[in-house]
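Asks: Please find start15.cif (mmCIF, C-alpha atoms and all ligand atoms) on the next line:
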data_structure
#
loop_
_atom_site.label_atom_id
_atom_site.label_comp_id
_atom_site.auth_asym_id
_atom_site.auth_seq_id
_atom_site.Cartn_x
_atom_site.Cartn_y
_atom_site.Cartn_z
CA MET A 1 -4.59 -88.02 -44.25
CA ILE A 2 -1.81 -85.62 -43.34
CA VAL A 3 -2.08 -81.84 -43.66
CA ILE A 4 1.22 -79.95 -43.71
CA LEU A 5 0.73 -76.34 -42.69
CA LYS A 6 2.67 -73.34 -43.89
CA ASP A 7 5.06 -71.58 -41.51
CA ARG A 8 3.24 -69.58 -38.79
CA PRO A 9 -0.35 -70.31 -39.87
CA ASP A 10 -3.06 -67.79 -39.06
CA GLU A 11 -4.55 -68.95 -35.74
CA GLU A 12 -8.11 -68.13 -36.65
CA GLN A 13 -7.98 -69.97 -39.98
CA LEU A 14 -6.35 -72.96 -38.28
CA ALA A 15 -9.08 -73.11 -35.62
CA GLY A 16 -11.67 -72.90 -38.42
CA LEU A 17 -10.08 -75.81 -40.29
CA VAL A 18 -9.87 -77.96 -37.16
CA SER A 19 -13.49 -77.37 -36.20
CA TRP A 20 -14.66 -78.04 -39.79
CA LEU A 21 -12.81 -81.38 -39.74
CA LYS A 22 -14.20 -82.30 -36.32
CA ASP A 23 -17.70 -81.55 -37.55
CA GLN A 24 -17.15 -84.23 -40.19
CA GLY A 25 -16.21 -86.83 -37.58
CA ILE A 26 -12.47 -86.58 -38.09
CA SER A 27 -10.15 -86.37 -35.10
CA VAL A 28 -7.22 -84.02 -35.57
CA HIS A 29 -3.79 -84.72 -34.10
CA PRO A 30 -1.37 -81.79 -34.44
CA THR A 31 2.39 -82.24 -34.32
CA VAL A 32 4.19 -78.96 -33.78
CA GLY A 33 7.79 -78.94 -35.03
CA SER A 34 10.36 -76.14 -34.85
CA SER A 35 9.62 -74.98 -38.38
CA GLN A 36 6.49 -76.80 -39.40
CA THR A 37 3.17 -77.97 -38.00
CA ILE A 38 1.53 -81.13 -39.26
CA LEU A 39 -2.06 -82.24 -38.67
CA GLY A 40 -2.73 -85.99 -38.63
CA LEU A 41 -6.35 -86.71 -39.56
CA VAL A 42 -7.84 -89.91 -38.22
CA GLY A 43 -11.25 -91.32 -39.16
CA ASP A 44 -13.06 -91.93 -42.44
CA THR A 45 -11.37 -89.36 -44.63
CA SER A 46 -12.80 -90.78 -47.87
CA ARG A 47 -15.39 -87.99 -48.02
CA ILE A 48 -12.92 -85.21 -47.28
CA ASP A 49 -12.11 -83.06 -50.31
CA MET A 50 -8.31 -82.90 -50.42
CA ASP A 51 -8.33 -80.11 -53.00
CA LEU A 52 -10.47 -77.93 -50.78
CA ILE A 53 -7.97 -78.25 -47.92
CA SER A 54 -4.97 -77.77 -50.26
CA ALA A 55 -6.45 -74.49 -51.48
CA LEU A 56 -6.46 -72.92 -48.00
CA ASP A 57 -3.93 -70.13 -47.38
CA ILE A 58 -2.51 -71.82 -44.31
CA VAL A 59 -1.94 -75.21 -45.99
CA SER A 60 1.30 -76.17 -47.72
CA SER A 61 0.27 -79.68 -48.87
CA VAL A 62 -2.06 -82.59 -48.16
CA LYS A 63 -1.20 -86.27 -48.42
CA ARG A 64 -3.40 -89.32 -48.22
CA VAL A 65 -1.96 -92.15 -46.21
CA GLN A 66 -4.91 -94.40 -46.96
CA GLU A 67 -6.36 -95.15 -50.39
CA PRO A 68 -9.77 -93.59 -51.11
CA TYR A 69 -11.20 -96.95 -52.21
CA LYS A 70 -12.49 -99.06 -49.34
CA ASN A 71 -14.55 -101.90 -50.80
CA ALA A 72 -11.97 -102.72 -53.46
CA ASN A 73 -8.98 -102.36 -51.11
CA ARG A 74 -7.03 -105.50 -50.31
CA LYS A 75 -6.07 -104.06 -46.92
CA PHE A 76 -9.63 -104.53 -45.72
CA HIS A 77 -10.33 -107.77 -47.63
CA PRO A 78 -7.10 -109.77 -47.72
CA ASP A 79 -8.59 -112.79 -49.54
CA ASP A 80 -9.09 -112.83 -53.30
CA THR A 81 -12.64 -112.26 -54.46
CA VAL A 82 -13.74 -115.28 -56.47
CA ILE A 83 -16.51 -114.75 -59.01
CA ARG A 84 -18.19 -117.84 -60.43
CA VAL A 85 -19.97 -117.79 -63.76
CA GLY A 86 -21.16 -121.17 -64.99
CA SER A 87 -18.20 -123.48 -64.60
CA ALA A 88 -15.71 -120.61 -64.82
CA ARG A 89 -14.01 -118.94 -61.89
CA PHE A 90 -12.50 -115.46 -61.88
CA GLY A 91 -9.98 -115.08 -59.06
CA GLY A 92 -8.54 -117.44 -56.50
CA GLY A 93 -5.96 -119.00 -58.82
CA ALA A 94 -8.17 -119.97 -61.77
CA PHE A 95 -7.77 -118.75 -65.35
CA ALA A 96 -11.06 -117.83 -67.06
CA LEU A 97 -11.11 -117.63 -70.81
CA ILE A 98 -13.61 -115.39 -72.60
CA ALA A 99 -13.74 -115.55 -76.38
CA GLY A 100 -15.92 -114.50 -79.26
CA PRO A 101 -16.35 -112.02 -82.04
CA SER A 102 -16.10 -108.34 -81.37
CA VAL A 103 -19.66 -107.87 -82.64
CA VAL A 104 -22.53 -110.27 -83.22
CA GLU A 105 -23.10 -110.07 -86.98
CA SER A 106 -25.43 -112.93 -87.92
CA GLU A 107 -26.81 -116.22 -86.64
CA GLU A 108 -24.35 -118.17 -88.75
CA GLN A 109 -21.39 -116.15 -87.47
CA ILE A 110 -22.17 -116.25 -83.75
CA LEU A 111 -23.12 -119.93 -83.74
CA SER A 112 -20.06 -120.91 -85.70
CA VAL A 113 -17.72 -118.92 -83.42
CA ALA A 114 -19.50 -120.09 -80.27
CA GLU A 115 -19.14 -123.78 -81.22
CA ALA A 116 -15.50 -123.30 -82.18
CA VAL A 117 -14.41 -121.46 -79.04
CA LYS A 118 -16.27 -123.88 -76.84
CA GLU A 119 -14.54 -126.81 -78.46
CA ALA A 120 -11.19 -125.05 -78.03
CA GLY A 121 -11.80 -124.62 -74.28
CA ALA A 122 -13.32 -121.16 -73.80
CA ASP A 123 -15.33 -120.71 -70.59
CA LEU A 124 -17.52 -117.80 -71.71
CA LEU A 125 -18.76 -116.37 -75.01
CA LYS A 126 -18.32 -112.67 -75.70
CA GLY A 127 -20.18 -110.79 -78.41
CA LEU A 128 -21.40 -107.24 -78.59
CA ALA A 129 -24.93 -106.38 -79.64
CA PHE A 130 -24.24 -102.68 -79.09
CA LYS A 131 -20.76 -101.72 -80.23
CA PRO A 132 -19.33 -98.26 -79.51
CA ARG A 133 -17.49 -97.02 -82.61
CA SER A 134 -15.32 -93.97 -83.08
CA SER A 135 -17.38 -93.13 -86.17
CA PRO A 136 -21.16 -92.73 -86.02
CA TYR A 137 -21.24 -94.10 -89.59
CA ALA A 138 -19.54 -97.42 -88.74
CA PHE A 139 -21.51 -100.61 -88.02
CA GLN A 140 -22.83 -100.28 -84.47
CA GLY A 141 -24.07 -103.84 -83.93
CA LEU A 142 -27.44 -105.54 -84.35
CA GLY A 143 -28.92 -104.21 -81.12
CA ILE A 144 -31.75 -106.29 -79.65
CA GLU A 145 -31.42 -108.82 -82.46
CA GLY A 146 -27.79 -109.29 -81.37
CA ILE A 147 -28.95 -110.12 -77.83
CA ARG A 148 -31.42 -112.66 -79.23
CA LEU A 149 -28.64 -114.34 -81.22
CA LEU A 150 -26.39 -114.45 -78.17
CA LEU A 151 -29.11 -116.24 -76.21
CA LEU A 152 -29.44 -118.72 -79.07
CA ALA A 153 -25.67 -119.33 -78.96
CA ARG A 154 -25.87 -119.99 -75.22
CA GLU A 155 -28.72 -122.41 -75.77
CA LYS A 156 -26.63 -124.33 -78.30
CA THR A 157 -23.31 -124.33 -76.47
CA GLY A 158 -24.09 -123.74 -72.79
CA LEU A 159 -21.45 -120.98 -72.70
CA PRO A 160 -22.36 -118.06 -70.38
CA LEU A 161 -22.56 -114.71 -72.14
CA VAL A 162 -20.56 -111.48 -71.85
CA SER A 163 -21.82 -108.36 -73.61
CA GLU A 164 -21.31 -104.62 -73.34
CA ILE A 165 -23.86 -102.26 -71.83
CA HIS A 166 -23.58 -98.51 -72.49
CA ASP A 167 -26.38 -97.00 -70.55
CA ALA A 168 -28.45 -97.77 -67.47
CA SER A 169 -31.62 -97.60 -69.57
CA GLN A 170 -30.45 -100.74 -71.43
CA LEU A 171 -30.52 -102.90 -68.28
CA PRO A 172 -33.86 -104.61 -69.11
CA LEU A 173 -32.41 -105.74 -72.46
CA PHE A 174 -29.51 -107.39 -70.63
CA GLU A 175 -31.62 -109.33 -68.14
CA GLU A 176 -30.58 -112.69 -69.64
CA ILE A 177 -26.92 -111.79 -70.19
CA ASP A 178 -24.66 -113.43 -67.58
CA VAL A 179 -21.84 -110.88 -67.37
CA LEU A 180 -22.18 -107.17 -68.15
CA MET A 181 -19.18 -105.44 -69.65
CA VAL A 182 -18.40 -101.76 -69.25
CA GLY A 183 -16.22 -100.68 -72.17
CA ALA A 184 -13.16 -98.45 -71.94
CA ARG A 185 -15.15 -95.42 -73.09
CA ASN A 186 -17.60 -95.82 -70.22
CA MET A 187 -15.23 -96.49 -67.34
CA GLN A 188 -16.22 -93.16 -65.81
CA ASN A 189 -19.90 -93.23 -66.75
CA TYR A 190 -20.86 -92.94 -63.11
CA ALA A 191 -24.63 -93.14 -63.69
CA LEU A 192 -24.08 -96.50 -65.42
CA LEU A 193 -21.70 -97.71 -62.70
CA ARG A 194 -24.18 -96.80 -59.97
CA ALA A 195 -26.96 -98.64 -61.81
CA LEU A 196 -24.74 -101.73 -62.11
CA GLY A 197 -24.11 -101.52 -58.39
CA LYS A 198 -27.79 -102.22 -57.86
CA THR A 199 -27.71 -105.43 -59.92
CA ASP A 200 -26.31 -108.76 -58.81
CA LYS A 201 -24.59 -109.57 -62.09
CA PRO A 202 -20.82 -109.82 -62.46
CA VAL A 203 -19.40 -106.75 -64.20
CA ILE A 204 -16.26 -106.63 -66.33
CA LEU A 205 -14.93 -103.11 -65.89
CA LYS A 206 -12.49 -102.15 -68.62
CA ARG A 207 -9.82 -99.56 -67.97
CA GLY A 208 -10.22 -96.25 -69.79
CA PHE A 209 -7.55 -95.33 -72.35
CA SER A 210 -5.86 -92.82 -70.06
CA ASN A 211 -6.89 -93.77 -66.57
CA THR A 212 -4.72 -94.47 -63.55
CA TYR A 213 -5.11 -97.54 -61.38
CA GLU A 214 -6.64 -95.38 -58.67
CA GLU A 215 -9.25 -93.91 -61.03
CA TRP A 216 -10.04 -97.42 -62.24
CA LEU A 217 -10.44 -98.71 -58.69
CA MET A 218 -12.63 -95.73 -57.81
CA SER A 219 -14.89 -96.72 -60.71
CA ALA A 220 -15.02 -100.25 -59.29
CA GLU A 221 -15.85 -98.61 -55.97
CA TYR A 222 -18.95 -97.00 -57.54
CA ILE A 223 -20.30 -100.45 -58.40
CA MET A 224 -19.28 -102.00 -55.09
CA ALA A 225 -20.63 -99.14 -52.96
CA GLY A 226 -24.07 -99.92 -54.39
CA GLY A 227 -23.86 -103.47 -53.05
CA ASN A 228 -22.50 -105.39 -56.05
CA GLY A 229 -19.07 -106.78 -55.19
CA LYS A 230 -18.75 -108.84 -58.36
CA VAL A 231 -16.34 -106.65 -60.30
CA ILE A 232 -13.70 -108.01 -62.68
CA LEU A 233 -11.06 -105.51 -63.82
CA CYS A 234 -9.95 -105.77 -67.46
CA GLU A 235 -6.84 -104.13 -68.91
CA ARG A 236 -7.27 -103.48 -72.65
CA GLY A 237 -4.34 -101.25 -73.56
CA ILE A 238 -3.80 -97.61 -72.76
CA ARG A 239 -2.83 -94.61 -74.85
CA THR A 240 0.90 -93.89 -74.76
CA PHE A 241 3.32 -92.09 -77.08
CA GLU A 242 3.78 -95.31 -79.08
CA PRO A 243 1.55 -95.35 -82.17
CA SER A 244 2.44 -98.73 -83.73
CA ALA A 245 -0.27 -100.80 -82.00
CA ALA A 246 -3.83 -99.78 -81.12
CA GLY A 247 -2.76 -99.36 -77.50
CA THR A 248 0.00 -100.31 -75.10
CA LEU A 249 -1.06 -103.31 -73.03
CA ASP A 250 -0.07 -102.41 -69.48
CA VAL A 251 0.87 -105.84 -68.22
CA ALA A 252 2.38 -104.26 -65.09
CA CYS A 253 -1.14 -103.51 -63.89
CA VAL A 254 -1.63 -107.19 -63.07
CA PRO A 255 0.91 -107.60 -60.26
CA VAL A 256 0.34 -104.04 -59.02
CA LEU A 257 -3.44 -104.41 -58.83
CA LYS A 258 -3.04 -107.79 -57.16
CA GLU A 259 -1.42 -105.90 -54.28
CA LEU A 260 -3.91 -103.04 -54.22
CA THR A 261 -7.13 -104.99 -54.62
CA HIS A 262 -8.72 -108.38 -54.03
CA LEU A 263 -10.72 -108.14 -57.28
CA PRO A 264 -9.87 -110.41 -60.22
CA VAL A 265 -7.84 -108.87 -63.04
CA ILE A 266 -8.05 -110.09 -66.63
CA ILE A 267 -6.52 -108.84 -69.86
CA ASP A 268 -7.92 -108.12 -73.32
CA PRO A 269 -4.96 -108.27 -75.71
CA SER A 270 -7.21 -108.01 -78.79
CA SER A 271 -8.23 -104.41 -78.07
CA ALA A 272 -4.58 -103.44 -77.56
CA ALA A 273 -2.89 -105.41 -80.33
CA GLY A 274 -3.78 -103.65 -83.57
CA SER A 275 -3.01 -106.91 -85.38
CA TYR A 276 -3.90 -110.54 -84.68
CA THR A 277 -0.21 -111.40 -85.00
CA PHE A 278 0.47 -109.78 -81.59
CA VAL A 279 -2.55 -111.15 -79.74
CA GLY A 280 -1.00 -114.48 -78.69
CA SER A 281 2.20 -112.88 -77.32
CA LEU A 282 0.30 -110.25 -75.37
CA ALA A 283 -2.14 -112.81 -73.99
CA ARG A 284 0.75 -114.98 -72.84
CA ALA A 285 2.43 -111.97 -71.23
CA GLY A 286 -0.76 -111.32 -69.26
CA ALA A 287 -1.03 -114.94 -68.15
CA ALA A 288 2.64 -114.94 -67.13
CA ALA A 289 2.08 -111.76 -65.11
CA GLY A 290 -0.58 -113.58 -63.10
CA ALA A 291 -3.84 -112.45 -64.72
CA ASP A 292 -7.01 -114.26 -63.67
CA GLY A 293 -8.14 -114.66 -67.25
CA ALA A 294 -8.17 -113.27 -70.75
CA MET A 295 -10.68 -112.06 -73.30
CA LEU A 296 -9.81 -112.87 -76.89
CA GLY A 297 -11.43 -111.79 -80.15
CA VAL A 298 -12.22 -114.75 -82.40
CA HIS A 299 -13.96 -114.67 -85.79
CA ASN A 300 -14.88 -117.51 -88.15
CA ASP A 301 -13.93 -115.33 -91.15
CA PRO A 302 -11.76 -112.38 -90.01
CA MET A 303 -11.30 -111.08 -93.58
CA ARG A 304 -15.03 -110.45 -93.82
CA ALA A 305 -15.63 -109.28 -90.24
CA LEU A 306 -17.72 -106.11 -89.95
CA CYS A 307 -15.56 -104.93 -87.07
CA ASP A 308 -12.11 -105.71 -85.62
CA GLY A 309 -11.25 -108.28 -88.31
CA PRO A 310 -7.51 -107.41 -88.26
CA VAL A 311 -7.21 -108.29 -84.57
CA SER A 312 -9.43 -111.37 -84.63
CA LEU A 313 -7.97 -114.85 -84.27
CA THR A 314 -9.29 -117.66 -86.43
CA PRO A 315 -10.64 -120.61 -84.42
CA GLU A 316 -7.47 -122.53 -85.33
CA ARG A 317 -5.15 -119.79 -84.01
CA PHE A 318 -7.34 -119.45 -80.93
CA ARG A 319 -6.98 -123.17 -80.17
CA LYS A 320 -3.18 -122.87 -80.17
CA THR A 321 -3.26 -119.76 -78.00
CA VAL A 322 -5.54 -121.46 -75.46
CA LYS A 323 -3.08 -124.30 -75.05
CA SER A 324 -0.15 -121.98 -74.42
CA LEU A 325 -2.18 -119.84 -71.99
CA ARG A 326 -3.29 -122.85 -69.96
CA ASP A 327 0.30 -124.16 -69.89
CA ILE A 328 1.70 -120.82 -68.71
CA HIS A 329 -0.99 -120.45 -66.09
CA LYS A 330 -0.29 -123.91 -64.72
CA LEU A 331 3.40 -123.14 -64.60
CA ILE A 332 3.08 -119.94 -62.63
CA MET A 333 0.59 -121.52 -60.23
CA GLU A 334 3.26 -124.05 -59.31
CA GLU A 335 5.63 -121.26 -58.22
C1 LIG B 401 -14.47 -104.67 -77.14
O1 LIG B 401 -13.43 -105.26 -77.02
O2 LIG B 401 -15.45 -105.21 -77.62
C2 LIG B 401 -14.51 -103.27 -76.74
C3 LIG B 401 -15.60 -102.54 -76.86
O3 LIG B 401 -13.33 -102.83 -76.28
P1 LIG B 401 -12.90 -101.51 -75.47
O4 LIG B 401 -14.08 -101.03 -74.71
O5 LIG B 401 -11.81 -102.02 -74.60
O6 LIG B 401 -12.42 -100.57 -76.50
MN MN B 402 -12.08 -103.75 -77.97
#
Go ahead and render the structure in this file as structure tokens.
Replies:
Amino acid sequence: MIVILKDRPDEEQLAGLVSWLKDQGISVHPTVGSSQTILGLVGDTSRIDMDLISALDIVSSVKRVQEPYKNANRKFHPDDTVIRVGSARFGGGAFALIAGPSVVESEEQILSVAEAVKEAGADLLKGLAFKPRSSPYAFQGLGIEGIRLLLLAREKTGLPLVSEIHDASQLPLFEEIDVLMVGARNMQNYALLRALGKTDKPVILKRGFSNTYEEWLMSAEYIMAGGNGKVILCERGIRTFEPSAAGTLDVACVPVLKELTHLPVIIDPSSAAGSYTFVGSLARAGAAAGADGAMLGVHNDPMRALCDGPVSLTPERFRKTVKSLRDIHKLIMEE
């Protein structure tokens, strides 16, 4: 971290700042120029409050030279993290495909979708038992019954399960679920993230609608700091000035995050698309950008879906999309 001081700083305040930093284990290296003095701070500055220093009278500005995320930072862990779930691999050059309905609606629905996506080559089954909705009056999922139906679908197909958890108190209900998903609305639910850090289950951490990469990685850091390194980042579309789709899928996050972090990055085009007609193109864009996988919404009868029908692929459309995704992934791996 670098602290740029204002011209002719008050000596007493400067001495106070330096001793406060030293007390926190930071060594301070001043560089005195003709018009400006700069303090170079060396040590673990992740706990130092930049805003507090910026607010001091004698300080002109403060800059971080090192990212505040340590566990997620590729600088300290150059190799890709590889997370294995069943026969699927997230990271390290594989392409993991998660598919399923937005919400578990009935036994018939989840079994039919599970069989279809398995046959089409999905690696994991996704279905929500607890679905966050913008309206409290909309269908919120089947709850515990939804979890029971997911377990039945795993029994029939062998596909590992992905489902969304909203609150740390739900953890016992998710004991049998293979991968826990944190939805966009909960990316900064720090109590939940901390609780997930104490589990050993892989976590899919979706990006919030309006969050920066750094905020997203700091949320991953919450989980990792608790001892759980199995975090998969999932881009699902952000809020921009463009209203025509549900969100703007930020495909650029894939190559950028690949530089910043060793964690796997997947994309969820269904949450961003607004219409199933865009899902395939967006999924292919993610694969071409180097994503480690995708999560696609599939429904046996989209017209009658209780949630997200307009963005759901039929099993037939899903099959075609899978083929193109696998082809693209193979192609870019050959690069
Ligand atoms: C979902 O896709 O099931 C979901 C809840 O999405 P998001 O959290 O990205 O809105
Ligand atoms: Mn969604």
Asks: Residues of chain A that have any atom at most 9 Å from an atom of ligand LIG 401 (chain B): could you tabulate them with the shortest-distance atom pair and the distance in Å to one decimal, using all atoms listed in the file, ordered by chain and increasing number, as JSON lines?
Replies:
{"residue": "A:Pro101", "atom": "CA", "partner": "B:LIG401", "partner_atom": "O2", "distance": 8.2}
{"residue": "A:Ser102", "atom": "CA", "partner": "B:LIG401", "partner_atom": "O2", "distance": 4.9}
{"residue": "A:Val103", "atom": "CA", "partner": "B:LIG401", "partner_atom": "O2", "distance": 7.1}
{"residue": "A:Lys126", "atom": "CA", "partner": "B:LIG401", "partner_atom": "O2", "distance": 8.2}
{"residue": "A:Gly127", "atom": "CA", "partner": "B:LIG401", "partner_atom": "O2", "distance": 7.4}
{"residue": "A:Leu128", "atom": "CA", "partner": "B:LIG401", "partner_atom": "O2", "distance": 6.4}
{"residue": "A:Phe130", "atom": "CA", "partner": "B:LIG401", "partner_atom": "C3", "distance": 8.9}
{"residue": "A:Lys131", "atom": "CA", "partner": "B:LIG401", "partner_atom": "C3", "distance": 6.2}
{"residue": "A:Pro132", "atom": "CA", "partner": "B:LIG401", "partner_atom": "C3", "distance": 6.3}
{"residue": "A:Arg133", "atom": "CA", "partner": "B:LIG401", "partner_atom": "C3", "distance": 8.2}
{"residue": "A:Ser163", "atom": "CA", "partner": "B:LIG401", "partner_atom": "O2", "distance": 8.2}
{"residue": "A:Glu164", "atom": "CA", "partner": "B:LIG401", "partner_atom": "C3", "distance": 7.0}
{"residue": "A:Met181", "atom": "CA", "partner": "B:LIG401", "partner_atom": "O4", "distance": 8.4}
{"residue": "A:Val182", "atom": "CA", "partner": "B:LIG401", "partner_atom": "O4", "distance": 7.0}
{"residue": "A:Gly183", "atom": "CA", "partner": "B:LIG401", "partner_atom": "O4", "distance": 3.3}
{"residue": "A:Ala184", "atom": "CA", "partner": "B:LIG401", "partner_atom": "O4", "distance": 3.9}
{"residue": "A:Arg185", "atom": "CA", "partner": "B:LIG401", "partner_atom": "O4", "distance": 5.9}
{"residue": "A:Asn186", "atom": "CA", "partner": "B:LIG401", "partner_atom": "O4", "distance": 7.7}
{"residue": "A:Met187", "atom": "CA", "partner": "B:LIG401", "partner_atom": "O4", "distance": 8.7}
{"residue": "A:Lys206", "atom": "CA", "partner": "B:LIG401", "partner_atom": "O5", "distance": 6.0}
{"residue": "A:Arg207", "atom": "CA", "partner": "B:LIG401", "partner_atom": "O5", "distance": 7.3}
{"residue": "A:Gly208", "atom": "CA", "partner": "B:LIG401", "partner_atom": "O5", "distance": 7.7}
{"residue": "A:Phe209", "atom": "CA", "partner": "B:LIG401", "partner_atom": "O5", "distance": 8.2}
{"residue": "A:Cys234", "atom": "CA", "partner": "B:LIG401", "partner_atom": "O5", "distance": 8.3}
{"residue": "A:Glu235", "atom": "CA", "partner": "B:LIG401", "partner_atom": "O5", "distance": 7.8}
{"residue": "A:Arg236", "atom": "CA", "partner": "B:LIG401", "partner_atom": "O5", "distance": 5.2}
{"residue": "A:Gly237", "atom": "CA", "partner": "B:LIG401", "partner_atom": "O5", "distance": 7.6}
{"residue": "A:Asp268", "atom": "CA", "partner": "B:LIG401", "partner_atom": "O1", "distance": 7.2}
{"residue": "A:Ser270", "atom": "CA", "partner": "B:LIG401", "partner_atom": "O1", "distance": 7.0}
{"residue": "A:Ser271", "atom": "CA", "partner": "B:LIG401", "partner_atom": "O1", "distance": 5.4}
{"residue": "A:Ala272", "atom": "CA", "partner": "B:LIG401", "partner_atom": "O5", "distance": 7.9}
{"residue": "A:Met295", "atom": "CA", "partner": "B:LIG401", "partner_atom": "O1", "distance": 8.2}
{"residue": "A:Leu296", "atom": "CA", "partner": "B:LIG401", "partner_atom": "O1", "distance": 8.4}
{"residue": "A:Gly297", "atom": "CA", "partner": "B:LIG401", "partner_atom": "O1", "distance": 7.5}
{"residue": "A:Asp308", "atom": "CA", "partner": "B:LIG401", "partner_atom": "O2", "distance": 8.7}
Asks: Can you tell me how far atom CA of A:Gly280 sits from atom CA of A:Ala129, in Å to one decimal?
Replies: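 Result for atom CA of A:Gly280 versus atom CA of A:Ala129: 25.3 Å, one decimal.
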Asks: Check the smallest atom-to-atom distance from each of A:Lys22, A:Ser134, A:Ala225, A:Pro255 to ligand MN 402 (chain B) using all atoms listed in the file, then report the winner.
Replies: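 Looking at the shortest contact to ligand MN 402 (chain B), the residue is A:Ser134.
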Asks: Write out as a tab-separated table a residue-level contact list of stretch 205-303 of chain A versus stretch 106-123 of chain A with cut-off 12 Å: for each qualifying residue the closest pair of atoms and the distance in Å to one decimal, counting all atoms listed in the file, rows sorted by chain and residue number upward.
Replies:
residue	atom	partner	partner_atom	distance
A:Gly293	CA	A:Asp123	CA	10.0
A:Ala294	CA	A:Ala122	CA	9.9
A:Met295	CA	A:Ala122	CA	9.5
A:Leu296	CA	A:Ala122	CA	9.5
A:Gly297	CA	A:Val113	CA	10.1
A:Val298	CA	A:Val113	CA	7.0
A:His299	CA	A:Val113	CA	6.1
A:Asn300	CA	A:Val113	CA	5.7
A:Asp301	CA	A:Gln109	CA	8.4
A:Pro302	CA	A:Gln109	CA	10.6
Asks: Calculated over all atoms listed in the file, which of the candidates A:Ala168, A:Ile48, A:Ala15, A:Ala246 has the smallest distance to ligand MN 402 (chain B)?
Replies: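 Among the listed residues, the smallest separation from ligand MN 402 (chain B) belongs to A:Ala246.
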Asks: Nearest to A:Ala72 among A:Glu335, A:Glu221, A:Asp23, A:Asp327, with distances taken over all atoms listed in the file: which residue is it?
Replies: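 Between A:Glu335, A:Glu221, A:Asp23, A:Asp327, the residue approaching A:Ala72 most closely is A:Glu221.
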Asks: From the list A:Arg8, A:Arg319, A:His262, A:Lys330, which residue is nearest A:Lys70 when using all atoms listed in the file?
Replies: A:His262
Asks: With 8 Å as the threshold, what does the neighbourhood of (-17.0, -111.0, -65.0) contain in terms of residues, counting all atoms listed in the file? Coordinates are those of the file; answer as a PyMOL selection string.
Replies: chain A and resi 83+85+90+162+179-181+202-204+230-232
Asks: Would you be able to write out as a list in words which residues have an atom within 12 Å of (3.6, -78.5, -35.1) in the file's coordinates, counting all atoms listed in the file?
Replies: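 Output: Val3, Ile4, Leu5, Lys6, Asp7, Arg8, Pro9, Leu14, His29, Pro30, Thr31, Val32, Gly33, Ser34, Ser35, Gln36, Thr37, Ile38, Leu39 and Gly40 of chain A.
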Asks: Could you dump the residues just selected with C-alpha atoms as a PDB file, in the frame of the given file?
Replies:
ATOM      1  CA  VAL A   3      -2.080 -81.840 -43.660  1.00  0.00           C
ATOM      2  CA  ILE A   4       1.220 -79.950 -43.710  1.00  0.00           C
ATOM      3  CA  LEU A   5       0.730 -76.340 -42.690  1.00  0.00           C
ATOM      4  CA  LYS A   6       2.670 -73.340 -43.890  1.00  0.00           C
ATOM      5  CA  ASP A   7       5.060 -71.580 -41.510  1.00  0.00           C
ATOM      6  CA  ARG A   8       3.240 -69.580 -38.790  1.00  0.00           C
ATOM      7  CA  PRO A   9      -0.350 -70.310 -39.870  1.00  0.00           C
ATOM      8  CA  LEU A  14      -6.350 -72.960 -38.280  1.00  0.00           C
ATOM      9  CA  HIS A  29      -3.790 -84.720 -34.100  1.00  0.00           C
ATOM     10  CA  PRO A  30      -1.370 -81.790 -34.440  1.00  0.00           C
ATOM     11  CA  THR A  31       2.390 -82.240 -34.320  1.00  0.00           C
ATOM     12  CA  VAL A  32       4.190 -78.960 -33.780  1.00  0.00           C
ATOM     13  CA  GLY A  33       7.790 -78.940 -35.030  1.00  0.00           C
ATOM     14  CA  SER A  34      10.360 -76.140 -34.850  1.00  0.00           C
ATOM     15  CA  SER A  35       9.620 -74.980 -38.380  1.00  0.00           C
ATOM     16  CA  GLN A  36       6.490 -76.800 -39.400  1.00  0.00           C
ATOM     17  CA  THR A  37       3.170 -77.970 -38.000  1.00  0.00           C
ATOM     18  CA  ILE A  38       1.530 -81.130 -39.260  1.00  0.00           C
ATOM     19  CA  LEU A  39      -2.060 -82.240 -38.670  1.00  0.00           C
ATOM     20  CA  GLY A  40      -2.730 -85.990 -38.630  1.00  0.00           C
TER      21      GLY A  40
END
Asks: Of the candidates A:Gly100, A:Leu149, A:Thr277, A:Ala191, which one gets nearest to ligand MN 402 (chain B) if we count all atoms listed in the file?
Replies: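 Looking at the shortest contact to ligand MN 402 (chain B), the residue is A:Gly100.
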Asks: Got a sec: who's within 9 Å of A:Gln13, counting all atoms listed in the file, leaving out chain neighbours fewer than 3 positions off, as a PyMOL selection string?
Replies: chain A and resi 9-10+16-18+56-58
Asks: Report, in Å to a single decimal, how far apart atom CA of A:Ala287 and atom CA of A:Ala94 are.
Replies: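 Calculated distance between atom CA of A:Ala94 and atom CA of A:Ala287 is 10.8 Å.
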Asks: With distances taken over all atoms listed in the file, which of A:Ala220, A:Leu325, A:Ala291, A:Cys307 is nearest to ligand MN 402 (chain B)?
Replies: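 So, comparing all the options, the nearest one is A:Cys307.
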